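The data block below is data_37.tsv; it holds TSV, C-alpha atoms.
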chain	number	residue	atom	x	y	z
A	1	MET	CA	-17.97	40.34	-1.26
A	2	THR	CA	-15.43	40.13	-4.06
A	3	PRO	CA	-14.42	36.72	-5.44
A	4	SER	CA	-10.90	37.13	-4.03
A	5	ARG	CA	-12.21	37.84	-0.53
A	6	LEU	CA	-14.62	34.92	-0.79
A	7	ALA	CA	-11.80	32.59	-1.81
A	8	ARG	CA	-9.62	33.90	1.01
A	9	GLY	CA	-12.41	33.41	3.53
A	10	THR	CA	-13.08	29.89	2.32
A	11	ALA	CA	-9.41	29.00	2.58
A	12	LEU	CA	-9.19	30.38	6.11
A	13	ALA	CA	-12.30	28.48	7.18
A	14	SER	CA	-10.95	25.26	5.71
A	15	ALA	CA	-7.62	25.73	7.46
A	16	ALA	CA	-9.38	26.36	10.76
A	17	ALA	CA	-11.44	23.18	10.34
A	18	LEU	CA	-8.45	20.91	9.70
A	19	PRO	CA	-7.37	20.55	13.36
A	20	ALA	CA	-10.93	19.69	14.37
A	21	LEU	CA	-11.20	17.08	11.65
A	22	ALA	CA	-7.85	15.59	12.63
A	23	ALA	CA	-8.95	15.43	16.26
A	24	LEU	CA	-12.20	13.71	15.27
A	25	HIS	CA	-10.30	11.19	13.13
A	26	ALA	CA	-7.92	10.34	15.99
A	27	ALA	CA	-10.39	10.44	18.90
A	28	PRO	CA	-10.77	6.63	19.19
A	29	VAL	CA	-7.01	6.32	19.77
A	30	ILE	CA	-7.76	6.74	23.47
A	31	SER	CA	-8.89	3.09	23.46
A	32	THR	CA	-5.26	2.09	22.85
A	33	PHE	CA	-4.55	2.74	26.55
A	34	GLY	CA	-5.06	-0.74	27.99
A	35	PRO	CA	-6.01	0.00	31.62
A	36	LEU	CA	-8.64	2.51	30.53
A	37	ARG	CA	-9.98	0.18	27.84
A	38	ASN	CA	-10.23	-2.76	30.22
A	39	ARG	CA	-12.20	-0.71	32.76
A	40	ALA	CA	-14.37	1.51	30.58
A	41	MET	CA	-14.70	-0.41	27.28
A	42	PRO	CA	-15.20	-4.09	28.18
A	43	ARG	CA	-16.63	-5.12	24.81
A	44	LEU	CA	-13.77	-3.51	22.89
A	45	ALA	CA	-11.28	-5.11	25.30
A	46	GLY	CA	-12.85	-8.53	24.79
A	47	GLN	CA	-14.02	-9.04	28.37
A	48	GLY	CA	-16.01	-12.27	28.37
A	49	ARG	CA	-17.47	-14.68	30.86
A	50	PRO	CA	-15.33	-15.27	33.97
A	51	ASP	CA	-14.79	-19.01	33.39
A	52	HIS	CA	-13.37	-18.50	29.90
A	53	VAL	CA	-10.24	-17.04	28.27
A	54	ALA	CA	-10.18	-16.04	24.60
A	55	LEU	CA	-6.98	-16.95	22.77
A	56	THR	CA	-6.20	-14.78	19.73
A	57	PHE	CA	-3.37	-14.51	17.24
A	58	ASP	CA	-2.46	-11.67	14.87
A	59	ASP	CA	-0.48	-11.23	11.64
A	60	GLY	CA	-0.90	-14.62	9.98
A	61	PRO	CA	-1.29	-16.80	8.15
A	62	ASP	CA	2.31	-17.74	7.44
A	63	HIS	CA	3.18	-21.05	5.79
A	64	LEU	CA	6.44	-21.19	7.79
A	65	SER	CA	5.02	-20.66	11.28
A	66	THR	CA	1.24	-21.02	11.43
A	67	PRO	CA	1.18	-24.82	10.88
A	68	HIS	CA	3.22	-25.27	14.08
A	69	PHE	CA	0.60	-23.38	16.07
A	70	LEU	CA	-2.20	-25.37	14.49
A	71	THR	CA	-0.47	-28.62	15.40
A	72	LEU	CA	0.02	-27.56	19.03
A	73	LEU	CA	-3.55	-26.32	19.37
A	74	GLU	CA	-4.92	-29.51	17.85
A	75	ALA	CA	-2.89	-31.59	20.31
A	76	ARG	CA	-4.29	-29.52	23.17
A	77	ARG	CA	-7.83	-29.54	21.72
A	78	VAL	CA	-7.96	-25.78	21.83
A	79	ARG	CA	-9.57	-23.48	19.26
A	80	ALA	CA	-8.56	-19.84	18.83
A	81	THR	CA	-9.38	-16.68	16.88
A	82	PHE	CA	-6.89	-15.73	14.17
A	83	PHE	CA	-6.90	-12.11	12.96
A	84	LEU	CA	-5.57	-12.45	9.41
A	85	LEU	CA	-3.76	-9.97	7.21
A	86	GLY	CA	-5.08	-10.08	3.67
A	87	SER	CA	-1.59	-9.63	2.25
A	88	MET	CA	-0.39	-12.69	4.17
A	89	LEU	CA	-3.50	-14.68	3.25
A	90	SER	CA	-2.87	-14.07	-0.43
A	91	ARG	CA	0.60	-15.63	-0.04
A	92	SER	CA	-0.32	-18.47	2.33
A	93	PRO	CA	-3.91	-19.57	1.67
A	94	GLY	CA	-3.22	-23.16	2.71
A	95	PRO	CA	-2.76	-22.51	6.46
A	96	ALA	CA	-5.89	-20.33	6.47
A	97	LYS	CA	-7.91	-23.16	4.98
A	98	ASP	CA	-6.42	-25.48	7.59
A	99	MET	CA	-7.49	-23.06	10.33
A	100	ALA	CA	-11.06	-23.05	9.10
A	101	ALA	CA	-11.15	-26.82	8.67
A	102	ALA	CA	-9.89	-27.28	12.24
A	103	GLY	CA	-12.69	-25.13	13.66
A	104	HIS	CA	-10.76	-21.98	14.45
A	105	GLU	CA	-12.37	-18.56	14.08
A	106	LEU	CA	-11.03	-16.37	11.26
A	107	ALA	CA	-11.22	-12.59	11.60
A	108	VAL	CA	-9.87	-9.45	9.92
A	109	HIS	CA	-6.62	-7.62	10.73
A	110	GLY	CA	-6.69	-5.51	7.57
A	111	TRP	CA	-4.97	-6.05	4.25
A	112	HIS	CA	-1.74	-4.22	5.04
A	113	HIS	CA	-0.25	-3.85	8.52
A	114	ARG	CA	-0.14	-0.06	8.43
A	115	PRO	CA	-1.35	2.49	11.01
A	116	LEU	CA	-4.92	3.57	10.37
A	117	LEU	CA	-4.08	7.05	11.61
A	118	LEU	CA	-2.23	7.61	8.33
A	119	ARG	CA	-5.20	6.62	6.17
A	120	GLY	CA	-8.28	8.53	5.16
A	121	PRO	CA	-11.84	7.18	5.15
A	122	ARG	CA	-11.73	5.79	1.59
A	123	ALA	CA	-8.37	4.05	2.01
A	124	THR	CA	-9.49	2.62	5.36
A	125	TYR	CA	-12.70	1.22	3.92
A	126	ASP	CA	-10.99	-0.25	0.88
A	127	ASP	CA	-8.34	-1.97	3.03
A	128	LEU	CA	-10.88	-3.54	5.39
A	129	ALA	CA	-13.26	-4.53	2.60
A	130	ARG	CA	-10.48	-6.22	0.64
A	131	ALA	CA	-9.35	-8.18	3.70
A	132	ARG	CA	-12.91	-9.10	4.68
A	133	ASP	CA	-13.60	-10.49	1.21
A	134	ALA	CA	-10.36	-12.50	1.28
A	135	VAL	CA	-11.27	-14.10	4.61
A	136	ALA	CA	-14.81	-14.78	3.40
A	137	GLY	CA	-13.33	-16.54	0.40
A	138	VAL	CA	-11.73	-19.05	2.78
A	139	THR	CA	-14.59	-19.57	5.23
A	140	GLY	CA	-17.51	-19.23	2.84
A	141	GLU	CA	-19.13	-16.56	4.99
A	142	PRO	CA	-18.24	-12.96	5.92
A	143	PRO	CA	-16.11	-12.60	9.06
A	144	THR	CA	-17.56	-10.55	11.90
A	145	LEU	CA	-14.54	-9.36	13.93
A	146	PHE	CA	-11.83	-6.80	13.23
A	147	ARG	CA	-8.64	-5.89	15.08
A	148	PRO	CA	-6.72	-2.87	13.78
A	149	PRO	CA	-2.96	-2.95	13.24
A	150	TYR	CA	-1.17	-1.85	16.43
A	151	GLY	CA	-4.55	-1.79	18.16
A	152	VAL	CA	-5.11	1.80	17.01
A	153	LEU	CA	-8.65	2.66	15.93
A	154	THR	CA	-9.88	5.77	14.15
A	155	THR	CA	-13.27	7.25	13.44
A	156	ALA	CA	-12.90	6.17	9.81
A	157	ALA	CA	-12.25	2.59	10.94
A	158	HIS	CA	-15.36	2.56	13.12
A	159	LEU	CA	-17.45	3.84	10.20
A	160	ALA	CA	-15.94	1.28	7.82
A	161	CYS	CA	-16.63	-1.52	10.31
A	162	ARG	CA	-20.26	-0.47	10.55
A	163	ARG	CA	-20.66	-0.58	6.77
A	164	LEU	CA	-18.88	-3.94	6.49
A	165	GLY	CA	-20.61	-5.70	9.38
A	166	LEU	CA	-17.42	-5.93	11.45
A	167	THR	CA	-17.09	-5.45	15.22
A	168	PRO	CA	-13.75	-4.14	16.54
A	169	VAL	CA	-12.19	-6.08	19.41
A	170	LEU	CA	-8.78	-5.61	21.02
A	171	TRP	CA	-7.42	-7.51	24.06
A	172	THR	CA	-6.97	-7.41	27.82
A	173	CYS	CA	-3.41	-8.79	27.92
A	174	TRP	CA	-0.56	-9.54	25.55
A	175	GLY	CA	2.80	-11.27	25.59
A	176	GLU	CA	4.92	-8.55	23.93
A	177	ASP	CA	6.13	-11.48	21.87
A	178	TRP	CA	7.10	-9.31	18.90
A	179	ARG	CA	10.22	-7.99	20.63
A	180	GLY	CA	13.64	-9.27	19.67
A	181	ARG	CA	14.59	-9.64	23.33
A	182	ALA	CA	11.47	-11.64	24.23
A	183	THR	CA	11.95	-15.12	25.67
A	184	PRO	CA	9.40	-17.88	26.30
A	185	ARG	CA	9.54	-17.00	30.00
A	186	SER	CA	9.05	-13.27	29.40
A	187	VAL	CA	6.08	-13.93	27.11
A	188	GLN	CA	4.51	-16.27	29.66
A	189	ASP	CA	5.07	-13.87	32.54
A	190	THR	CA	3.78	-10.85	30.62
A	191	VAL	CA	0.56	-12.63	29.64
A	192	LEU	CA	-0.05	-14.17	33.05
A	193	ARG	CA	0.67	-10.95	34.93
A	194	ASP	CA	-2.53	-9.37	33.59
A	195	LEU	CA	-4.61	-12.42	32.73
A	196	ARG	CA	-7.91	-12.89	34.56
A	197	GLY	CA	-10.93	-15.03	33.87
A	198	GLY	CA	-12.85	-13.40	31.04
A	199	GLY	CA	-9.69	-11.99	29.50
A	200	THR	CA	-8.55	-11.97	25.87
A	201	ILE	CA	-4.93	-12.86	25.09
A	202	LEU	CA	-3.06	-11.35	22.15
A	203	LEU	CA	-0.16	-13.33	20.64
A	204	HIS	CA	1.32	-13.62	17.12
A	205	ASP	CA	1.57	-16.69	14.90
A	206	SER	CA	3.76	-14.85	12.39
A	207	ASP	CA	6.83	-12.62	12.57
A	208	CYS	CA	5.95	-10.63	9.44
A	209	THR	CA	5.82	-7.43	11.54
A	210	SER	CA	7.84	-8.71	14.51
A	211	ALA	CA	11.43	-9.65	15.26
A	212	THR	CA	12.67	-12.40	12.96
A	213	GLY	CA	11.94	-15.81	14.44
A	214	SER	CA	9.87	-14.39	17.30
A	215	TRP	CA	7.08	-16.83	16.51
A	216	ARG	CA	9.25	-19.63	17.91
A	217	THR	CA	9.34	-17.80	21.24
A	218	THR	CA	5.56	-17.51	21.23
A	219	LEU	CA	5.15	-21.17	20.34
A	220	ALA	CA	7.41	-22.20	23.22
A	221	ALA	CA	5.48	-19.98	25.67
A	222	LEU	CA	2.03	-21.22	24.69
A	223	PRO	CA	1.92	-24.57	26.57
A	224	ARG	CA	2.56	-23.00	29.97
A	225	ILE	CA	-0.03	-20.31	29.30
A	226	LEU	CA	-2.59	-22.99	28.47
A	227	ASP	CA	-1.56	-25.03	31.52
A	228	THR	CA	-2.05	-22.02	33.79
A	229	CYS	CA	-5.52	-21.41	32.37
A	230	ARG	CA	-6.41	-25.04	33.06
A	231	THR	CA	-5.08	-24.75	36.63
A	232	HIS	CA	-7.40	-21.80	37.24
A	233	GLY	CA	-10.35	-23.68	35.77
A	234	TRP	CA	-10.62	-21.37	32.77
A	235	GLN	CA	-11.76	-22.80	29.45
A	236	VAL	CA	-9.74	-21.52	26.49
A	237	GLY	CA	-11.36	-20.88	23.14
A	238	PRO	CA	-12.17	-18.37	20.38
A	239	LEU	CA	-13.93	-15.06	20.83
A	240	ARG	CA	-17.16	-16.46	19.39
A	241	GLU	CA	-17.44	-18.63	22.54
A	242	HIS	CA	-16.23	-15.97	24.94
A	243	GLY	CA	-19.59	-14.49	25.88
A	244	VAL	CA	-18.68	-10.84	25.32
A	245	PRO	CA	-21.93	-8.82	25.53
A	246	GLY	CA	-22.75	-7.38	22.12
A	247	LEU	CA	-20.03	-9.36	20.34
A	248	PRO	CA	-21.13	-11.69	17.51
A	249	GLY	CA	-21.03	-15.28	18.71
Please express what this file holds, its structure, as C-alpha cells.
Amino acid sequence: MTPSRLARGTALASAAALPALAALHAAPVISTFGPLRNRAMPRLAGQGRPDHVALTFDDGPDHLSTPHFLTLLEARRVRATFFLLGSMLSRSPGPAKDMAAAGHELAVHGWHHRPLLLRGPRATYDDLARARDAVAGVTGEPPTLFRPPYGVLTTAAHLACRRLGLTPVLWTCWGEDWRGRATPRSVQDTVLRDLRGGGTILLHDSDCTSATGSWRTTLAALPRILDTCRTHGWQVGPLREHGVPGLPG
C-alpha cells in the first residue's frame, strides 16, 4: 500500500469512528430524563430512606444570597447539601466557610457552569479537579459528591469522578426556581407535586445562572416546603444522612 493510500485509509477510518466516539461520550445523557432516572437509577437520583428527604442547593456560594438561606436553615435547625461552583467559591469564600461551620455538606458542581457535553475528557477532569480542591480547601477534606451543570453527565465525567473519588448524584424533584416567571407558590407546588419520602430536592441559593433575583423566590418558597415535609413525618437533611445505597455517608 502506498503512503497516500495509507493516509487516505487512516483518515476514512478516523472519520467513521467519530460518530461512535460522540455517541459513547453522550450516552449517560439518558439519565437526564427524570422519570427514567427515578425508576431505573435510584442511586443517581438520590433515592434514600423513606422517612427522610434530602435538601440540596446548586450554584452557590453567593455573598448576596447564600447567607439568607443559611439564616433560615439555622432557624429551622435543618442541614442541607450545597453543590458549589468553584468560580463562585473563589469570589465568595466567606459563605462557604459559614456553611461548613454550620454543619452543612459541601459538594462539587464544577468550576464553571458549562455543559459537559461540550468538553473533552481532559477539560472535564481539570474542571472537576479544580473545583474539588477548592471545596476541600474550605472543609479540610475532599468532597465526595458531584452534580453536573444542568444535570447532564457524560462518559468523561463518570471517568473523572472515578479518578477524583466523587460520586455523581442528581435529584428526584426540583422547583424550577431558576425561571423568571417562577413564584414562591409555583416553586412550592412544583417541588411538592413530585416529592415523596426518600426524595432529593433541587433548589438554588444563587441566581448566577438563573433569572435575576430568583433566589428570593426560592427563599420565600422554602418554609412551606419544610413544613410539608414535617407534616408527612419526613426528616430533612443532607445527602450524607439520606441513606442512599452506595452513596458516601
Restricting the calculation to all atoms listed in the file, which member of A:Gly110, A:Gly165, A:Pro245, A:Gly151 is positioned closest to Asp126 (chain A)?
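Smallest distance to Asp126 (chain A) is found for A:Gly110.
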Report as a list in words all protein, DNA and RNA residues lying within 6 Å of region 181-188 of chain A, evaluated on all atoms listed in the file, omitting residues in the same chain fewer than 3 positions from it.
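Listing them by chain and then by number gives Gly175, Asp177, Val191, Thr217, Ala220 and Ala221 of chain A.
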Would you be able to write out as a ChimeraX atom specification which residues have an atom within 12 Å of (-1.6, -14.2, 6.3) in the file's coordinates, counting only C-alpha atoms?
/A:57-67,82-97,99,106-113,131,134-135,138,204-209
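The gap separating CA of Thr200 (chain A) from CA of Leu239 (chain A) is 8.0 Å, in Å to one decimal.
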Counting only C-alpha atoms, the option among A:Arg179, A:Arg193, A:Arg240, A:Arg114 closest to Leu153 (chain A):
A:Arg114
